[in-house]
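Reviewing the structure listed below.
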Amino acid sequence: MPFSTYLNEKRRDCEELVQALGRHFPYVSILGTDVRATVVRADKRTSAVQEGQGECGFVVKMNDGRAFFEYSLNDISGDKAALAERILAAVQTDPNLAQKMISPGPVRDDPLRQDFARETDFAAYSDQDMLSVCQEMVAELSQKDDRVLNAACILQPFTVSKIFVSRNRALTQHYGWANGHLIVTYNGDKLVQARRTEGSDRLKEIIDALRGGADQVIDLARHLTKATPIEPGIYDVITDPSITGLIAHEAFGHGVEMDQFVKDRAMAKHCMGQYVASPITNMHDGAAAAHSVASYFFDDDGVLAQDTQIIRDGILVSGLSDLTSAAQLNTAPTGNGRRDSFKRKAYARMTNTFFEPGKDKLEDMIASVQHGYMLFETNNGMEDPKNWQIQCTAEYGIEIVDGKLTDHYVSPVVMSGFVPDLLKSISMVSDQGKVIGSGMCGKGYKEWVRVSDGGPNLKVRVKLG
């Protein structure tokens, strides 16, 4: 699918509005977005093709040397001088608020004109093609075991077109991603759900992986019906890449988003340059750091995607910033300025957040555990950036006894503790890793953006309950 025809037609309008507002502000930029999303779903009772979470519109960002202002609108056609006056009238600063402003440093606007694109195979699949795949998968799962009460298959492709224009920059980007899900509701000794999730910018890869995973998801459901609650305690734990990613996301997610540094709401601000993890620990974030759901070419502030190392050999070395927080802290932006939509403010946000692989073999890691658990599949998590406490929930764990995985499953499993204690307990890191992108992350209770996380298997010692 090509870059948005609509945004292509608005390039000149963007340039003219930047010029008109540039008479009043030293810095002006415009971001135009056109996001198209589809949700294709089937289960044993229904099937449907629906529009997903898309958007189309513009947001103007201005800086007067004292503060940033943002103004969103659905269209920028018409008289640009009149539109500029309307925007100017809407961004007047209350005198009382002006006294409380954290004046930003100079805003960089380095010259660059470039069009970016990443191809997908989405055009090869019609809505009906995707619906047929979902219906076939539901039928296959339902036939495998008569205890399958319901089965669902979901495909969620989306494509993104964005244009960014400032005095010195003219950028476009076009890319896509898709997630696929198998979900089984199973009635054995108890009622459970088991799932499998895949992500790629190739629908063929997702469909092939889901077809190849039907037996595994049924087998998982059978085991989960016999899973027991875990006995609370402190254990040696091996994490799968999903749980490794959950730790990365919750331990150094919002806590290193540097708008929290500006507000002094994150302990990480005071720990830069200090050991916060085991010396074998390395962690990254960035849209250019991995190929996943949060991989773009430039952020919503027009800053090129980067690979930011957050932890180097156990030492906290960097946070994540948008244009505003970077200007307020007099640092270079890291390409993490992201918006829920063109109607919402840009914040410093995570993208692809993950631990680097190490040197250990997974089989050696499991063999090193006398008694503990291997944890699988992210359920949810919470963090307290101010006090650095986290809580991570895994869908299930498998008990390890005398260095071997048993057939005893526990579910659910909650892992909690103080972030530095957890990360300093890392004693082994596997040599293989995976970055997984299928979810959304909110800033507080809102401001949702797509994120991924992951990494290798970790061996940690942590409280489970």
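Every chain in the structure tokens has a letter given in the order shown (A, B, ...), and although residue numbers restart at 1 in each chain, ligands are simply numbered from 1 in the order shown.
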Can you tell me, as a PDB file with N, CA and C atoms, in the first residue's frame, what residues are no more than 8 Å from A:Leu320 when counting only C-alpha atoms, ignoring any on the same chain fewer than 6 positions away?
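In the end it all went to result_19.pdb:
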ATOM      1  N   VAL A 256      12.175   5.907  33.169  1.00  0.00           N
ATOM      2  CA  VAL A 256      13.248   6.625  32.478  1.00  0.00           C
ATOM      3  C   VAL A 256      12.712   7.523  31.364  1.00  0.00           C
ATOM      4  N   GLU A 257      11.401   7.699  31.299  1.00  0.00           N
ATOM      5  CA  GLU A 257      10.834   8.700  30.385  1.00  0.00           C
ATOM      6  C   GLU A 257      11.091  10.065  31.007  1.00  0.00           C
ATOM      7  N   MET A 258      11.854  10.901  30.305  1.00  0.00           N
ATOM      8  CA  MET A 258      12.488  12.043  30.958  1.00  0.00           C
ATOM      9  C   MET A 258      11.556  13.220  31.231  1.00  0.00           C
ATOM     10  N   THR A 308      18.819   3.674  21.856  1.00  0.00           N
ATOM     11  CA  THR A 308      19.314   4.278  23.094  1.00  0.00           C
ATOM     12  C   THR A 308      19.645   3.180  24.100  1.00  0.00           C
ATOM     13  N   PRO A 333      17.365  15.099  22.193  1.00  0.00           N
ATOM     14  CA  PRO A 333      16.203  14.194  22.192  1.00  0.00           C
ATOM     15  C   PRO A 333      16.589  12.825  21.655  1.00  0.00           C
ATOM     16  N   THR A 334      15.967  11.795  22.200  1.00  0.00           N
ATOM     17  CA  THR A 334      16.308  10.421  21.832  1.00  0.00           C
ATOM     18  C   THR A 334      15.367   9.813  20.802  1.00  0.00           C
ATOM     19  N   GLY A 335      14.434  10.594  20.264  1.00  0.00           N
ATOM     20  CA  GLY A 335      13.501  10.043  19.286  1.00  0.00           C
ATOM     21  C   GLY A 335      12.355   9.286  19.901  1.00  0.00           C
ATOM     22  N   ASN A 336      11.965   9.651  21.134  1.00  0.00           N
ATOM     23  CA  ASN A 336      10.881   8.960  21.842  1.00  0.00           C
ATOM     24  C   ASN A 336       9.653   9.838  22.039  1.00  0.00           C
ATOM     25  N   ALA A 348       7.346  11.849  26.233  1.00  0.00           N
ATOM     26  CA  ALA A 348       8.436  10.881  26.147  1.00  0.00           C
ATOM     27  C   ALA A 348       7.851   9.503  26.430  1.00  0.00           C
ATOM     28  N   ARG A 349       7.993   8.592  25.466  1.00  0.00           N
ATOM     29  CA  ARG A 349       7.382   7.270  25.595  1.00  0.00           C
ATOM     30  C   ARG A 349       8.347   6.178  25.165  1.00  0.00           C
ATOM     31  N   MET A 350       8.181   5.017  25.750  1.00  0.00           N
ATOM     32  CA  MET A 350       8.926   3.840  25.324  1.00  0.00           C
ATOM     33  C   MET A 350       8.577   3.467  23.891  1.00  0.00           C
TER      34      MET A 350
END
Per DSSP on the backbone, what are the alpha helix (DSSP H) residues of stretch 216-288 of chain A, as a PyMOL selection string?
-> chain A and resi 216-224+241-251+259-262
Tell me, counting only C-alpha atoms, for each residue of stretch 324-385 of chain A within 10 Å of stretch 406-414 of chain A, which pair of atoms is nearest and how far apart they are in Å to one decimal, in rows ordered by chain and increasing number, as a Markdown table.
| residue | atom | partner | partner_atom | distance |
| --- | --- | --- | --- | --- |
| A:Tyr373 | CA | A:Val410 | CA | 8.9 |
| A:Met374 | CA | A:Tyr409 | CA | 9.6 |
| A:Leu375 | CA | A:Val413 | CA | 7.9 |
| A:Phe376 | CA | A:Val413 | CA | 9.4 |
| A:Asn379 | CA | A:Pro412 | CA | 8.7 |
| A:Asn380 | CA | A:Val414 | CA | 9.4 |
| A:Gly381 | CA | A:Val414 | CA | 9.0 |
Restricted to all heavy atoms, what would the selected residues look like written as a short mmCIF file (atom, residue, chain, number, x, y, z; two decimals), in the first residue's frame?
data_model
loop_
_atom_site.label_atom_id
_atom_site.label_comp_id
_atom_site.auth_asym_id
_atom_site.auth_seq_id
_atom_site.Cartn_x
_atom_site.Cartn_y
_atom_site.Cartn_z
N TYR A 373 11.18 -21.74 39.36
CA TYR A 373 10.16 -21.75 38.32
C TYR A 373 10.67 -21.07 37.06
O TYR A 373 11.48 -20.13 37.12
CB TYR A 373 8.89 -21.03 38.79
CG TYR A 373 8.17 -21.76 39.90
CD1 TYR A 373 8.50 -21.53 41.24
CD2 TYR A 373 7.21 -22.72 39.61
CE1 TYR A 373 7.86 -22.22 42.26
CE2 TYR A 373 6.56 -23.42 40.62
CZ TYR A 373 6.90 -23.16 41.94
OH TYR A 373 6.28 -23.86 42.94
N MET A 374 10.16 -21.51 35.92
CA MET A 374 10.32 -20.77 34.68
C MET A 374 8.99 -20.12 34.38
O MET A 374 7.94 -20.79 34.37
CB MET A 374 10.75 -21.68 33.54
CG MET A 374 11.07 -20.90 32.26
SD MET A 374 11.96 -21.90 31.03
CE MET A 374 12.17 -20.66 29.74
N LEU A 375 9.01 -18.80 34.16
CA LEU A 375 7.77 -18.04 33.98
C LEU A 375 7.56 -17.70 32.50
O LEU A 375 8.51 -17.39 31.78
CB LEU A 375 7.82 -16.74 34.80
CG LEU A 375 8.05 -16.88 36.30
CD1 LEU A 375 7.93 -15.52 36.98
CD2 LEU A 375 7.07 -17.88 36.93
N PHE A 376 6.28 -17.70 32.09
CA PHE A 376 5.92 -17.52 30.69
C PHE A 376 4.75 -16.54 30.53
O PHE A 376 3.84 -16.50 31.37
CB PHE A 376 5.49 -18.86 30.07
CG PHE A 376 6.55 -19.92 30.04
CD1 PHE A 376 6.77 -20.72 31.15
CD2 PHE A 376 7.33 -20.11 28.91
CE1 PHE A 376 7.74 -21.71 31.13
CE2 PHE A 376 8.30 -21.10 28.88
CZ PHE A 376 8.51 -21.90 29.99
N ASN A 379 1.05 -11.14 31.43
CA ASN A 379 -0.37 -10.87 31.67
C ASN A 379 -0.57 -9.37 31.84
O ASN A 379 -1.24 -8.71 31.07
CB ASN A 379 -0.87 -11.63 32.89
CG ASN A 379 -2.33 -11.40 33.18
OD1 ASN A 379 -2.74 -10.30 33.54
ND2 ASN A 379 -3.13 -12.45 33.03
N ASN A 380 0.06 -8.79 32.87
CA ASN A 380 0.02 -7.33 33.06
C ASN A 380 1.12 -6.95 34.03
O ASN A 380 1.77 -7.81 34.63
CB ASN A 380 -1.35 -6.85 33.55
CG ASN A 380 -1.70 -7.43 34.91
OD1 ASN A 380 -1.08 -7.10 35.92
ND2 ASN A 380 -2.70 -8.31 34.95
N GLY A 381 1.31 -5.65 34.20
CA GLY A 381 2.32 -5.18 35.13
C GLY A 381 2.03 -3.76 35.58
O GLY A 381 1.25 -3.04 34.96
#
Using only C-alpha atoms, pick whichever of A:Asn387, A:Ser425, A:Thr351, A:Thr172 has the shortest atom-to-atom distance to A:Met267.
-> A:Asn387
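Coordinates place atom CA of A:Val451 at a distance of 29.6 Å from atom CA of A:Pro106.
A straight line drawn from atom CA of A:Asn282 to atom CA of A:Thr353 is 11.1 Å long.
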With only C-alpha atoms counted and 8 Å as the cut-off, give the residues of stretch 343-441 of chain A in contact with stretch 233-254 of chain A, each with its shortest interatomic distance in Å and the pair that gives it, as JSON lines.
{"residue": "A:Arg349", "atom": "CA", "partner": "A:His254", "partner_atom": "CA", "distance": 7.3}
{"residue": "A:Met350", "atom": "CA", "partner": "A:Gly253", "partner_atom": "CA", "distance": 6.2}
{"residue": "A:Thr353", "atom": "CA", "partner": "A:His249", "partner_atom": "CA", "distance": 6.3}
{"residue": "A:Phe354", "atom": "CA", "partner": "A:Gly245", "partner_atom": "CA", "distance": 5.8}
{"residue": "A:Phe355", "atom": "CA", "partner": "A:Ala248", "partner_atom": "CA", "distance": 6.9}
{"residue": "A:Met365", "atom": "CA", "partner": "A:Ile238", "partner_atom": "CA", "distance": 7.4}
{"residue": "A:Ile366", "atom": "CA", "partner": "A:Ile238", "partner_atom": "CA", "distance": 7.1}
{"residue": "A:Val369", "atom": "CA", "partner": "A:Asp236", "partner_atom": "CA", "distance": 6.5}
{"residue": "A:His371", "atom": "CA", "partner": "A:Asp236", "partner_atom": "CA", "distance": 7.0}
{"residue": "A:Gly372", "atom": "CA", "partner": "A:Asp236", "partner_atom": "CA", "distance": 4.9}
{"residue": "A:Tyr373", "atom": "CA", "partner": "A:Val237", "partner_atom": "CA", "distance": 5.1}
{"residue": "A:Met374", "atom": "CA", "partner": "A:Ile238", "partner_atom": "CA", "distance": 4.5}
{"residue": "A:Leu375", "atom": "CA", "partner": "A:Thr239", "partner_atom": "CA", "distance": 5.1}
{"residue": "A:Phe376", "atom": "CA", "partner": "A:Asp240", "partner_atom": "CA", "distance": 5.4}
{"residue": "A:Glu377", "atom": "CA", "partner": "A:Ser242", "partner_atom": "CA", "distance": 5.4}
{"residue": "A:Thr378", "atom": "CA", "partner": "A:Ile243", "partner_atom": "CA", "distance": 5.6}
{"residue": "A:Asn380", "atom": "CA", "partner": "A:Leu246", "partner_atom": "CA", "distance": 8.0}
{"residue": "A:Gly381", "atom": "CA", "partner": "A:Glu250", "partner_atom": "CA", "distance": 6.6}
{"residue": "A:Met382", "atom": "CA", "partner": "A:Glu250", "partner_atom": "CA", "distance": 6.3}
{"residue": "A:Glu383", "atom": "CA", "partner": "A:Glu250", "partner_atom": "CA", "distance": 5.5}
{"residue": "A:Pro385", "atom": "CA", "partner": "A:His254", "partner_atom": "CA", "distance": 6.7}
{"residue": "A:Trp388", "atom": "CA", "partner": "A:Ala251", "partner_atom": "CA", "distance": 7.3}
{"residue": "A:Gln389", "atom": "CA", "partner": "A:Ala251", "partner_atom": "CA", "distance": 7.9}
{"residue": "A:Ile390", "atom": "CA", "partner": "A:Glu250", "partner_atom": "CA", "distance": 6.4}
{"residue": "A:Gln391", "atom": "CA", "partner": "A:Glu250", "partner_atom": "CA", "distance": 7.8}
{"residue": "A:Cys392", "atom": "CA", "partner": "A:Leu246", "partner_atom": "CA", "distance": 6.8}
{"residue": "A:Ala394", "atom": "CA", "partner": "A:Ile243", "partner_atom": "CA", "distance": 6.8}
{"residue": "A:Val419", "atom": "CA", "partner": "A:Ala251", "partner_atom": "CA", "distance": 5.8}
{"residue": "A:Gly433", "atom": "CA", "partner": "A:Pro241", "partner_atom": "CA", "distance": 6.5}
{"residue": "A:Lys434", "atom": "CA", "partner": "A:Pro241", "partner_atom": "CA", "distance": 5.9}
{"residue": "A:Val435", "atom": "CA", "partner": "A:Pro241", "partner_atom": "CA", "distance": 7.3}
{"residue": "A:Ile436", "atom": "CA", "partner": "A:Ser242", "partner_atom": "CA", "distance": 6.9}
Would you put the residues from that selection into a file with C-alpha atoms, as a short mmCIF file (atom, residue, chain, number, x, y, z; two decimals), in the first residue's frame?
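The resulting file, selection-v2.cif, is shown below:
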data_model
loop_
_atom_site.label_atom_id
_atom_site.label_comp_id
_atom_site.auth_asym_id
_atom_site.auth_seq_id
_atom_site.Cartn_x
_atom_site.Cartn_y
_atom_site.Cartn_z
CA ARG A 349 7.38 7.27 25.60
CA MET A 350 8.93 3.84 25.32
CA THR A 353 12.40 -1.88 25.20
CA PHE A 354 14.56 -4.95 25.74
CA PHE A 355 17.56 -6.59 27.40
CA MET A 365 20.35 -21.88 33.18
CA ILE A 366 17.57 -24.37 33.90
CA VAL A 369 18.16 -24.18 39.46
CA HIS A 371 14.14 -25.47 42.99
CA GLY A 372 12.33 -22.62 41.28
CA TYR A 373 10.16 -21.75 38.32
CA MET A 374 10.32 -20.77 34.68
CA LEU A 375 7.77 -18.04 33.98
CA PHE A 376 5.92 -17.52 30.69
CA GLU A 377 3.66 -15.02 28.94
CA THR A 378 3.01 -11.49 30.11
CA ASN A 380 0.02 -7.33 33.06
CA GLY A 381 2.32 -5.18 35.13
CA MET A 382 2.54 -2.02 37.22
CA GLU A 383 5.36 0.23 38.32
CA PRO A 385 8.68 5.24 39.14
CA TRP A 388 10.93 2.02 42.00
CA GLN A 389 8.64 -0.80 42.98
CA ILE A 390 7.23 -3.13 40.32
CA GLN A 391 4.65 -5.87 40.06
CA CYS A 392 4.64 -8.21 37.07
CA ALA A 394 2.89 -14.03 34.31
CA VAL A 419 13.77 -2.69 40.90
CA GLY A 433 16.51 -13.27 22.59
CA LYS A 434 13.25 -12.12 21.08
CA VAL A 435 11.45 -8.77 20.96
CA ILE A 436 7.67 -9.15 21.10
#
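Across the structure, atom CA of A:Gly57 and atom CA of A:Lys162 are spaced 9.8 Å apart.
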Excluding A:Met137 and any residue of its chain fewer than 4 positions from it, enumerate the residues within 7 Å of it, using only C-alpha atoms, and give them as a PyMOL selection string.
-> chain A and resi 133+141+153
Dump of N, CA and C atoms for the selected residues, as a CSV table (one decimal), in the first residue's frame:
chain,number,residue,atom,x,y,z
A,133,VAL,N,-9.1,-17.1,6.7
A,133,VAL,CA,-8.0,-17.7,7.5
A,133,VAL,C,-8.5,-17.8,9.0
A,141,LEU,N,-9.1,-25.5,15.6
A,141,LEU,CA,-8.9,-25.6,17.0
A,141,LEU,C,-10.1,-26.3,17.7
A,153,CYS,N,-9.7,-16.5,16.5
A,153,CYS,CA,-8.5,-16.1,15.7
A,153,CYS,C,-8.7,-14.6,15.3
12 Å contact set for A:Arg195, only C-alpha atoms, chain neighbours under 6 positions out, as a PyMOL selection string | chain A and resi 141+150-154+180-186+210+213-221+224+376-379+395-396
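For the residues A:Arg118, A:Lys345, A:Lys263, A:Arg86, ranking by smallest atom-to-atom distance to A:Arg202 using only C-alpha atoms places A:Arg118 first.
Considering the residues A:Pro420, A:Gly65, A:Gly454, A:Pro95 and counting only C-alpha atoms, A:Gln328 has its shortest atom-to-atom contact with A:Gly65.
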Counting only C-alpha atoms, figure out which residue out of A:Thr393, A:Gln114, A:Ser166, A:Ser438 gets nearest to A:Gly22.
-> A:Ser166
What lies within 12 Å of A:Ser200 using only C-alpha atoms, ignoring chain neighbours under 3 positions off, as number ranges by chain?
-> A: 119-122, 155-158, 175-180, 197, 203-210, 291-295, 435-438, 452
